[in-house]
file final_27.tsv (TSV, C-alpha atoms)
chain	number	residue	atom	x	y	z
A	1	CYS	CA	45.22	-35.28	65.69
A	2	ALA	CA	46.32	-32.80	68.36
A	3	SER	CA	43.57	-32.80	71.01
A	4	GLY	CA	41.08	-34.74	68.89
A	5	GLU	CA	38.68	-32.13	67.57
A	6	GLU	CA	39.36	-32.94	63.91
A	7	PRO	CA	39.06	-36.75	63.96
A	8	TYR	CA	35.96	-36.64	66.14
A	9	THR	CA	34.43	-33.95	63.92
A	10	LEU	CA	34.93	-36.20	60.89
A	11	ALA	CA	33.38	-39.10	62.80
A	12	LEU	CA	30.36	-37.02	63.85
A	13	ILE	CA	29.82	-35.78	60.29
A	14	LEU	CA	29.85	-39.37	59.05
A	15	LEU	CA	27.47	-40.46	61.82
A	16	ASP	CA	25.06	-37.68	60.87
A	17	HIS	CA	25.32	-37.93	57.08
A	18	ARG	CA	26.53	-41.45	56.22
A	19	PRO	CA	25.45	-43.67	59.14
A	20	ALA	CA	25.22	-46.77	56.95
A	21	LEU	CA	28.96	-46.55	56.19
A	22	VAL	CA	29.73	-46.31	59.88
A	23	GLU	CA	27.35	-49.09	60.90
A	24	ALA	CA	28.79	-51.35	58.22
A	25	GLY	CA	32.27	-50.76	59.65
A	26	ARG	CA	33.48	-49.34	56.35
A	27	VAL	CA	35.18	-46.26	57.82
A	28	THR	CA	38.32	-46.00	59.89
A	29	ILE	CA	39.74	-42.66	60.95
A	30	ALA	CA	43.42	-42.95	61.82
A	31	ALA	CA	44.14	-40.08	64.20
A	32	VAL	CA	47.89	-39.71	64.64
A	33	ASP	CA	50.14	-37.44	66.63
A	34	ILE	CA	53.74	-37.62	67.81
A	35	SER	CA	52.78	-36.56	71.34
A	36	ALA	CA	51.54	-39.17	73.84
A	37	ARG	CA	50.06	-36.32	75.88
A	38	ALA	CA	48.06	-35.02	72.90
A	39	LEU	CA	46.83	-38.54	72.12
A	40	ALA	CA	45.65	-39.03	75.72
A	41	ALA	CA	43.77	-35.72	75.61
A	42	ALA	CA	42.25	-36.63	72.24
A	43	ARG	CA	41.06	-40.03	73.47
A	44	ALA	CA	39.30	-38.36	76.41
A	45	GLY	CA	36.95	-36.45	74.08
A	46	VAL	CA	36.71	-33.39	76.35
A	47	TRP	CA	37.39	-29.85	75.16
A	48	GLU	CA	37.36	-26.30	76.43
A	49	ALA	CA	34.46	-24.16	75.20
A	50	PHE	CA	36.90	-22.20	73.01
A	51	SER	CA	37.57	-25.30	70.87
A	52	LEU	CA	33.88	-25.57	70.00
A	53	ARG	CA	33.14	-21.84	69.76
A	54	ASN	CA	32.00	-22.09	66.12
A	55	THR	CA	29.86	-25.19	66.61
A	56	PRO	CA	26.15	-24.48	66.12
A	57	PRO	CA	24.16	-24.80	69.39
A	58	ARG	CA	21.99	-27.62	68.00
A	59	LEU	CA	25.10	-29.71	67.28
A	60	LEU	CA	26.60	-28.93	70.68
A	61	GLU	CA	23.41	-30.18	72.32
A	62	LYS	CA	23.21	-33.25	70.09
A	63	HIS	CA	26.81	-34.43	70.43
A	64	PHE	CA	28.18	-33.01	73.69
A	65	VAL	CA	27.49	-32.63	77.40
A	66	ALA	CA	28.53	-29.35	79.05
A	67	GLU	CA	30.57	-29.83	82.23
A	68	ASP	CA	32.21	-26.95	84.12
A	69	GLY	CA	32.82	-24.81	81.03
A	70	ARG	CA	34.06	-27.77	79.03
A	71	PHE	CA	32.34	-30.09	76.58
A	72	ARG	CA	32.50	-33.90	76.62
A	73	LEU	CA	31.39	-36.17	73.79
A	74	ARG	CA	28.11	-37.85	74.72
A	75	THR	CA	28.41	-41.49	75.70
A	76	GLU	CA	25.88	-42.49	73.04
A	77	GLN	CA	27.94	-40.77	70.33
A	78	ARG	CA	31.09	-42.59	71.45
A	79	ALA	CA	29.14	-45.86	71.38
A	80	ARG	CA	27.90	-45.16	67.83
A	81	MET	CA	31.47	-44.42	66.75
A	82	GLY	CA	32.61	-47.76	68.08
A	83	THR	CA	36.18	-48.26	66.96
A	84	MET	CA	35.91	-45.94	63.96
A	85	VAL	CA	38.46	-43.47	65.38
A	86	GLU	CA	41.81	-45.13	66.05
A	87	PHE	CA	44.45	-43.08	67.86
A	88	ALA	CA	48.12	-43.89	67.32
A	89	ALA	CA	51.52	-42.36	67.88
A	90	ALA	CA	53.25	-41.48	64.61
A	91	ASN	CA	56.00	-39.21	63.40
A	92	LEU	CA	55.13	-37.61	60.05
A	93	LEU	CA	58.81	-37.81	59.08
A	94	ALA	CA	59.27	-41.51	59.89
A	95	GLU	CA	58.85	-43.80	56.87
A	96	ARG	CA	58.04	-46.73	59.16
A	97	ASP	CA	55.21	-44.82	60.87
A	98	MET	CA	53.78	-43.56	57.59
A	99	ALA	CA	53.98	-47.01	55.99
A	100	ARG	CA	51.55	-48.24	58.68
A	101	LEU	CA	49.01	-45.78	57.25
A	102	ALA	CA	49.20	-47.06	53.67
A	103	GLY	CA	45.90	-47.58	51.87
A	104	MET	CA	44.18	-44.35	52.90
A	105	HIS	CA	41.50	-42.89	50.63
A	106	VAL	CA	41.65	-39.42	52.19
A	107	VAL	CA	44.32	-37.77	54.34
A	108	PHE	CA	43.68	-34.49	56.17
A	109	CYS	CA	46.71	-32.48	57.26
A	110	CYS	CA	46.00	-29.10	58.81
A	111	ASN	CA	47.95	-26.77	61.07
A	112	VAL	CA	51.13	-28.85	60.91
A	113	LEU	CA	53.27	-27.90	57.93
A	114	PRO	CA	53.68	-24.14	58.58
A	115	TYR	CA	56.02	-25.08	61.44
A	116	PHE	CA	58.41	-26.93	59.13
A	117	ALA	CA	61.13	-25.73	56.75
A	118	ASP	CA	60.34	-26.14	53.03
A	119	GLU	CA	62.47	-29.28	52.58
A	120	VAL	CA	60.77	-30.90	55.60
A	121	LYS	CA	57.33	-29.96	54.20
A	122	ASP	CA	58.26	-31.64	50.92
A	123	ARG	CA	59.24	-34.84	52.76
A	124	VAL	CA	56.06	-34.89	54.88
A	125	ILE	CA	53.85	-34.32	51.81
A	126	ALA	CA	55.68	-37.08	49.93
A	127	LEU	CA	55.16	-39.49	52.83
A	128	LEU	CA	51.49	-38.51	53.20
A	129	GLY	CA	51.02	-38.94	49.46
A	130	GLY	CA	52.56	-42.39	49.80
A	131	CYS	CA	49.82	-43.30	52.30
A	132	LEU	CA	47.15	-42.71	49.66
A	133	VAL	CA	45.66	-45.25	47.29
A	134	PRO	CA	45.78	-44.20	43.62
A	135	GLY	CA	43.00	-41.64	43.19
A	136	GLY	CA	43.07	-40.83	46.93
A	137	TYR	CA	42.87	-37.27	48.21
A	138	LEU	CA	45.15	-35.13	50.34
A	139	VAL	CA	43.34	-32.21	51.99
A	140	VAL	CA	45.54	-29.58	53.59
A	141	GLY	CA	45.01	-26.25	55.29
A	142	GLN	CA	45.24	-23.16	53.12
A	143	ALA	CA	48.53	-22.12	54.72
A	144	GLU	CA	50.12	-25.57	54.61
A	145	LEU	CA	51.91	-25.52	51.26
A	146	PHE	CA	52.20	-21.85	50.39
A	147	GLY	CA	51.57	-22.53	46.68
A	148	ARG	CA	53.91	-25.50	46.46
A	149	GLU	CA	53.04	-28.21	43.90
A	150	PRO	CA	53.59	-31.64	45.46
A	151	ALA	CA	55.00	-34.31	43.13
A	152	GLY	CA	52.51	-37.03	42.17
A	153	LEU	CA	49.55	-35.00	43.40
A	154	LEU	CA	47.21	-33.12	41.10
A	155	PRO	CA	45.52	-29.98	42.50
A	156	ILE	CA	41.72	-30.25	42.49
A	157	PRO	CA	39.73	-27.00	42.54
A	158	VAL	CA	37.49	-27.04	45.63
A	159	PRO	CA	36.14	-23.72	46.91
A	160	GLY	CA	37.56	-22.86	50.33
A	161	ALA	CA	39.92	-25.82	50.47
A	162	VAL	CA	43.26	-27.08	49.18
A	163	VAL	CA	42.81	-30.59	47.78
A	164	TYR	CA	45.17	-32.81	45.82
A	165	LYS	CA	44.42	-36.10	44.07
A	166	LYS	CA	47.05	-38.82	43.86
A	167	THR	CA	47.82	-39.57	40.22
call {"tool": "encode", "arguments": {"input": "final_27.tsv", "output": "structure tokens"}}
result
Amino acid sequence: CASGEEPYTLALILLDHRPALVEAGRVTIAAVDISARALAAARAGVWEAFSLRNTPPRLLEKHFVAEDGRFRLRTEQRARMGTMVEFAAANLLAERDMARLAGMHVVFCCNVLPYFADEVKDRVIALLGGCLVPGGYLVVGQAELFGREPAGLLPIPVPGAVVYKKT
């Protein structure tokens, strides 16, 4: 989850477009990172202006409070999220850590895999695929796999994204 922009963005999108799912407690966003420091920063929900540079002004005003050149999630947004976003330490290469995430319907993995060697990428993708329910989706950044075909995952054509469906 790095510093939290991605999991909170998903939560805000769901709050804006599928509030009934959120209010019914039907959504959990598992935000994981290996770094305790990154997790602490993510939990805080405060970012530099650069992190939100592409956010439309109306959404900045709706979801954030500006403070000294930084942006903090509004208290009311955090309250609406409740416990939807759960932060946890996890190593993408540890079977034990990934087993705790079993049963996911969608997994997002962006800006992680380019740092790994090909054989490590294959292992991470296999473990992430193992977290998915049958028919679940793995969404990765366009540079994550470099054209690699993950075993047990069927590519799904989605404009502007790289999406795989667990077979």
call {"tool": "residues_around", "arguments": {"input": "final_27.tsv", "residues": "range 98-111 of chain A", "least_positions_apart": "6", "cutoff": "10 Å", "atoms": "all atoms listed in the file", "output": "number ranges by chain"}}
result
A: 1-2, 6-7, 28-32, 90-92, 124-125, 127-144, 163-166
call {"tool": "closest_residue", "arguments": {"input": "final_27.tsv", "among": "A:Ser3, A:Gln77, A:Thr9, A:Thr167", "to": "Ala40 in chain A", "atoms": "all atoms listed in the file"}}
result
A:Ser3
call {"tool": "closest_residue", "arguments": {"input": "final_27.tsv", "among": "A:Ala44, A:Leu21, A:Ala117, A:Ala94", "to": "Leu145 in chain A", "atoms": "all atoms listed in the file"}}
result
A:Ala117
call {"tool": "residues_around", "arguments": {"input": "final_27.tsv", "residues": "range 59-68 of chain A", "least_positions_apart": "4", "cutoff": "12 Å", "atoms": "all atoms listed in the file", "output": "JSON, numbers by chain"}}
result
{"A": [8, 9, 11, 12, 13, 15, 16, 45, 46, 47, 48, 49, 51, 52, 53, 54, 55, 72, 73, 74, 75, 76, 77, 78, 79, 80, 81]}
call {"tool": "closest_residue", "arguments": {"input": "final_27.tsv", "among": "A:Gly25, A:Gly4, A:Pro56, A:Gly69", "to": "Thr83 in chain A", "atoms": "all atoms listed in the file"}}
result
A:Gly25
call {"tool": "atom_distance", "arguments": {"input": "final_27.tsv", "atom1": "CA of Ala126 in chain A", "atom2": "CA of Leu154 in chain A"}}
result
12.9 Å
call {"tool": "atom_distance", "arguments": {"input": "final_27.tsv", "atom1": "CA of Val162 in chain A", "atom2": "CA of Met84 in chain A"}}
result
25.1 Å
call {"tool": "atom_distance", "arguments": {"input": "final_27.tsv", "atom1": "CA of Gly82 in chain A", "atom2": "CA of Val27 in chain A"}}
result
10.7 Å
